[in-house]
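Colleague: Got upload_30.pdb for you, PDB, C-alpha atoms, pLDDT in the B column:
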```
ATOM      1  CA  MET V1033      34.133 -20.341  86.352  1.00 51.00           C
ATOM      2  CA  ILE V1034      32.670 -17.228  87.978  1.00 48.00           C
ATOM      3  CA  THR V1035      28.911 -17.517  88.542  1.00 48.00           C
ATOM      4  CA  GLN V1036      26.042 -15.198  89.571  1.00 54.00           C
ATOM      5  CA  ARG V1037      26.204 -13.146  86.366  1.00 62.00           C
ATOM      6  CA  ARG V1038      24.058 -12.804  83.282  1.00 78.00           C
ATOM      7  CA  PHE V1039      26.969 -13.961  81.116  1.00 85.00           C
ATOM      8  CA  ALA V1040      29.323 -16.688  82.324  1.00 85.00           C
ATOM      9  CA  ARG V1041      32.806 -15.356  82.971  1.00 89.00           C
ATOM     10  CA  VAL V1042      35.720 -17.750  82.818  1.00 92.00           C
ATOM     11  CA  GLU V1043      39.161 -17.291  84.329  1.00 93.00           C
ATOM     12  CA  ILE V1044      41.600 -18.013  81.501  1.00 93.00           C
ATOM     13  CA  PRO V1045      45.068 -16.596  82.243  1.00 93.00           C
ATOM     14  CA  LEU V1046      46.054 -16.086  78.600  1.00 95.00           C
ATOM     15  CA  PRO V1047      48.127 -13.150  77.369  1.00 96.00           C
ATOM     16  CA  VAL V1048      46.429 -10.303  75.504  1.00 96.00           C
ATOM     17  CA  ARG V1049      47.597  -7.528  73.235  1.00 94.00           C
ATOM     18  CA  ILE V1050      45.655  -4.250  73.336  1.00 93.00           C
ATOM     19  CA  ARG V1051      46.096  -2.062  70.284  1.00 90.00           C
ATOM     20  CA  CYS V1052      45.362   1.614  70.775  1.00 85.00           C
ATOM     21  CA  PRO V1053      45.673   4.166  67.956  1.00 81.00           C
ATOM     22  CA  LYS V1054      49.237   5.141  68.948  1.00 83.00           C
ATOM     23  CA  GLU V1055      50.528   2.265  71.087  1.00 86.00           C
ATOM     24  CA  THR V1056      50.229  -1.402  71.967  1.00 89.00           C
ATOM     25  CA  LEU V1057      49.759  -2.587  75.548  1.00 90.00           C
ATOM     26  CA  ARG V1058      50.117  -6.073  76.974  1.00 93.00           C
ATOM     27  CA  GLY V1059      48.313  -7.841  79.760  1.00 95.00           C
ATOM     28  CA  THR V1060      46.769 -11.053  81.034  1.00 96.00           C
ATOM     29  CA  ILE V1061      43.124 -12.106  81.058  1.00 96.00           C
ATOM     30  CA  LEU V1062      41.570 -12.176  84.520  1.00 96.00           C
ATOM     31  CA  ASP V1063      38.221 -13.333  83.089  1.00 96.00           C
ATOM     32  CA  VAL V1064      36.347 -13.318  79.797  1.00 95.00           C
ATOM     33  CA  SER V1065      32.749 -13.777  78.605  1.00 93.00           C
ATOM     34  CA  LEU V1066      30.643 -13.384  75.476  1.00 92.00           C
ATOM     35  CA  LYS V1067      29.965  -9.818  76.686  1.00 92.00           C
ATOM     36  CA  GLY V1068      33.480  -8.615  77.573  1.00 94.00           C
ATOM     37  CA  ILE V1069      36.848  -9.124  79.209  1.00 96.00           C
ATOM     38  CA  LEU V1070      38.730  -8.135  82.374  1.00 97.00           C
ATOM     39  CA  ILE V1071      42.462  -7.623  81.852  1.00 96.00           C
ATOM     40  CA  GLU V1072      45.385  -7.016  84.178  1.00 96.00           C
ATOM     41  CA  LEU V1073      47.860  -4.722  82.405  1.00 94.00           C
ATOM     42  CA  GLU V1074      51.585  -5.507  82.539  1.00 91.00           C
ATOM     43  CA  THR V1075      52.406  -1.911  83.446  1.00 86.00           C
ATOM     44  CA  ALA V1076      50.416   0.118  85.961  1.00 79.00           C
ATOM     45  CA  GLY V1077      48.999   3.402  84.658  1.00 71.00           C
ATOM     46  CA  SER V1078      49.983   2.610  81.064  1.00 69.00           C
ATOM     47  CA  LEU V1079      46.636   3.604  79.542  1.00 75.00           C
ATOM     48  CA  THR V1080      46.904   6.883  77.594  1.00 75.00           C
ATOM     49  CA  ASP V1081      44.115   9.291  76.589  1.00 76.00           C
ATOM     50  CA  ASP V1082      44.035   8.055  72.975  1.00 72.00           C
ATOM     51  CA  CYS V1083      43.321   4.520  74.257  1.00 76.00           C
ATOM     52  CA  VAL V1084      40.445   5.717  76.435  1.00 76.00           C
ATOM     53  CA  ALA V1085      38.782   7.716  73.644  1.00 69.00           C
ATOM     54  CA  GLU V1086      38.789   5.013  70.982  1.00 75.00           C
ATOM     55  CA  SER V1087      37.559   1.489  70.408  1.00 87.00           C
ATOM     56  CA  LEU V1088      40.396  -0.889  71.125  1.00 91.00           C
ATOM     57  CA  ASN V1089      41.574  -3.903  69.171  1.00 93.00           C
ATOM     58  CA  ILE V1090      41.970  -6.826  71.604  1.00 95.00           C
ATOM     59  CA  GLN V1091      43.950  -9.903  70.633  1.00 95.00           C
ATOM     60  CA  ILE V1092      43.689 -12.978  72.855  1.00 95.00           C
ATOM     61  CA  LEU V1093      46.943 -14.870  72.404  1.00 96.00           C
ATOM     62  CA  SER V1094      47.961 -18.463  72.907  1.00 92.00           C
ATOM     63  CA  ASP V1095      50.515 -19.198  75.565  1.00 82.00           C
ATOM     64  CA  PRO V1096      53.492 -19.514  75.204  1.00 75.00           C
ATOM     65  CA  ASP V1097      53.870 -18.910  71.435  1.00 81.00           C
ATOM     66  CA  ARG V1098      51.630 -15.818  71.376  1.00 85.00           C
ATOM     67  CA  THR V1099      49.646 -16.765  68.276  1.00 93.00           C
ATOM     68  CA  VAL V1100      46.420 -14.755  67.916  1.00 94.00           C
ATOM     69  CA  LEU V1101      43.490 -16.980  68.938  1.00 93.00           C
ATOM     70  CA  VAL V1102      40.723 -14.366  68.793  1.00 94.00           C
ATOM     71  CA  GLU V1103      40.688 -10.715  67.701  1.00 94.00           C
ATOM     72  CA  LEU V1104      37.857  -8.428  68.850  1.00 94.00           C
ATOM     73  CA  THR V1105      36.945  -4.758  69.169  1.00 94.00           C
ATOM     74  CA  ALA V1106      36.076  -3.412  72.617  1.00 94.00           C
ATOM     75  CA  ARG V1107      35.364  -0.243  74.543  1.00 92.00           C
ATOM     76  CA  ILE V1108      36.470   0.574  78.071  1.00 91.00           C
ATOM     77  CA  VAL V1109      33.813   0.160  80.742  1.00 92.00           C
ATOM     78  CA  ARG V1110      36.062   0.952  83.701  1.00 90.00           C
ATOM     79  CA  GLU V1111      39.711   1.117  84.592  1.00 88.00           C
ATOM     80  CA  SER V1112      41.895   1.167  87.657  1.00 88.00           C
ATOM     81  CA  ASN V1113      45.649   1.312  88.126  1.00 84.00           C
ATOM     82  CA  ARG V1114      46.374  -2.061  86.455  1.00 91.00           C
ATOM     83  CA  THR V1115      42.921  -3.446  85.645  1.00 93.00           C
ATOM     84  CA  LEU V1116      40.879  -2.795  82.533  1.00 93.00           C
ATOM     85  CA  ALA V1117      37.234  -3.893  82.096  1.00 94.00           C
ATOM     86  CA  LEU V1118      36.108  -3.930  78.467  1.00 95.00           C
ATOM     87  CA  ALA V1119      32.833  -4.677  76.683  1.00 94.00           C
ATOM     88  CA  TRP V1120      32.872  -5.992  73.145  1.00 93.00           C
ATOM     89  CA  SER V1121      31.716  -3.170  70.875  1.00 90.00           C
ATOM     90  CA  SER V1122      31.336  -5.274  67.773  1.00 83.00           C
ATOM     91  CA  ILE V1123      31.960  -8.909  67.109  1.00 84.00           C
ATOM     92  CA  GLU V1124      32.352 -10.634  63.748  1.00 87.00           C
ATOM     93  CA  ILE V1125      30.886 -14.100  63.371  1.00 88.00           C
ATOM     94  CA  ASP V1126      34.310 -15.790  63.109  1.00 91.00           C
ATOM     95  CA  ALA V1127      35.553 -14.069  66.261  1.00 91.00           C
ATOM     96  CA  LEU V1128      32.325 -14.938  68.077  1.00 89.00           C
ATOM     97  CA  THR V1129      32.731 -18.576  67.068  1.00 90.00           C
ATOM     98  CA  HIS V1130      36.335 -18.658  68.327  1.00 91.00           C
ATOM     99  CA  LEU V1131      35.369 -16.941  71.570  1.00 92.00           C
ATOM    100  CA  ARG V1132      32.529 -19.388  72.092  1.00 90.00           C
ATOM    101  CA  GLU V1133      34.897 -22.339  71.523  1.00 91.00           C
ATOM    102  CA  LEU V1134      37.395 -20.866  73.983  1.00 91.00           C
ATOM    103  CA  LEU V1135      34.700 -20.476  76.642  1.00 91.00           C
ATOM    104  CA  GLN V1136      33.328 -23.956  76.018  1.00 90.00           C
ATOM    105  CA  ALA V1137      36.815 -25.501  76.228  1.00 91.00           C
ATOM    106  CA  ASN V1138      37.181 -23.830  79.629  1.00 90.00           C
ATOM    107  CA  GLY V1139      34.028 -25.132  81.258  1.00 89.00           C
ATOM    108  CA  VAL V1140      31.004 -23.153  80.043  1.00 85.00           C
ATOM    109  CA  GLU V1141      28.158 -25.503  79.134  1.00 90.00           C
ATOM    110  CA  GLU V1142      26.834 -25.559  75.569  1.00 90.00           C
ATOM    111  CA  HIS V1143      23.229 -24.810  76.619  1.00 90.00           C
ATOM    112  CA  GLN V1144      24.386 -21.788  78.631  1.00 89.00           C
ATOM    113  CA  LEU V1145      26.382 -20.426  75.693  1.00 90.00           C
ATOM    114  CA  SER V1146      23.357 -20.866  73.413  1.00 89.00           C
ATOM    115  CA  ARG V1147      21.161 -18.937  75.863  1.00 89.00           C
ATOM    116  CA  GLU V1148      23.764 -16.163  76.162  1.00 88.00           C
ATOM    117  CA  LEU V1149      24.109 -15.906  72.375  1.00 84.00           C
ATOM    118  CA  SER V1150      20.352 -15.484  72.102  1.00 85.00           C
ATOM    119  CA  GLU V1151      20.471 -12.695  74.683  1.00 85.00           C
ATOM    120  CA  LEU V1152      23.286 -10.966  72.792  1.00 78.00           C
ATOM    121  CA  LEU V1153      21.431 -11.129  69.496  1.00 77.00           C
ATOM    122  CA  TYR V1154      18.110  -9.883  70.865  1.00 76.00           C
ATOM    123  CA  ASP V1155      19.384  -7.408  73.470  1.00 66.00           C
TER
END
```
Please go through the file and, once you have read it, give me the structure as structure tokens.

Modeller:
Amino acid sequence: MITQRRFARVEIPLPVRIRCPKETLRGTILDVSLKGILIELETAGSLTDDCVAESLNIQILSDPDRTVLVELTARIVRESNRTLALAWSSIEIDALTHLRELLQANGVEEHQLSRELSELLYD
């Protein structure tokens, strides 16, 4: 787990699918939190203008069968050649619950997740 942040980020190398208005990109999670996600894209420079301008649909997939574990909406915070940093733009309660369970299963303590949820709700 990555520390020294307001929201705990966990390294979970699961595949992701990024749905833009006109295309779908694939990548791998570098780290994820209740606030956002850092993704390494499969193809360098594959992000098009329509992806940058819109909210993106992010699907965190199981490995290896690629079943959707969590589906969220995010906006781009920053990008580089193959790396994409995203912040969740809206989160439904079911998706938040699944994300919380994923983080907890990968080492984030329950009391820390509760504190972070409070910060998200009252931020």

Colleague: Evaluated on this file, the PyMOL selection byres ((chain V and resi 1145-1154) around 10) picks out some residues - which ones are they, written as JSON, numbers by chain?

Modeller: {"V": [1038, 1039, 1040, 1065, 1066, 1067, 1128, 1132, 1133, 1135, 1136, 1140, 1141, 1142, 1143, 1144, 1155]}

Colleague: Name the closest residue to Val1102 (chain V) among the candidates V:Val1084, V:Val1064, V:Ile1069, V:Leu1131; distances are taken between atoms, counting all atoms listed in the file.

Modeller: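 Nearest candidate to Val1102 (chain V) out of V:Val1084, V:Val1064, V:Ile1069, V:Leu1131: V:Leu1131.
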
Colleague: Please enumerate the residues selected by the PyMOL selection byres ((chain V and resi 1059-1063) around 7) when evaluated against the supplied file, formatted as a PyMOL selection string.

Modeller: chain V and resi 1041-1049+1057-1058+1064+1069-1074

Colleague: Using all atoms listed in the file for the distances, tell me which of V:Arg1098, V:Gly1068, V:Asp1082, V:Ile1108 is nearest to Trp1120 (chain V).

Modeller: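 With all atoms listed in the file as the atom set, the closest residue is V:Gly1068.
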
Colleague: Report the distance between CA of Ile1123 (chain V) and CA of Ser1087 (chain V) in Å, rounded to one decimal place.

Modeller: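 So the two atoms, CA of Ile1123 (chain V) and CA of Ser1087 (chain V), lie 12.3 Å apart.
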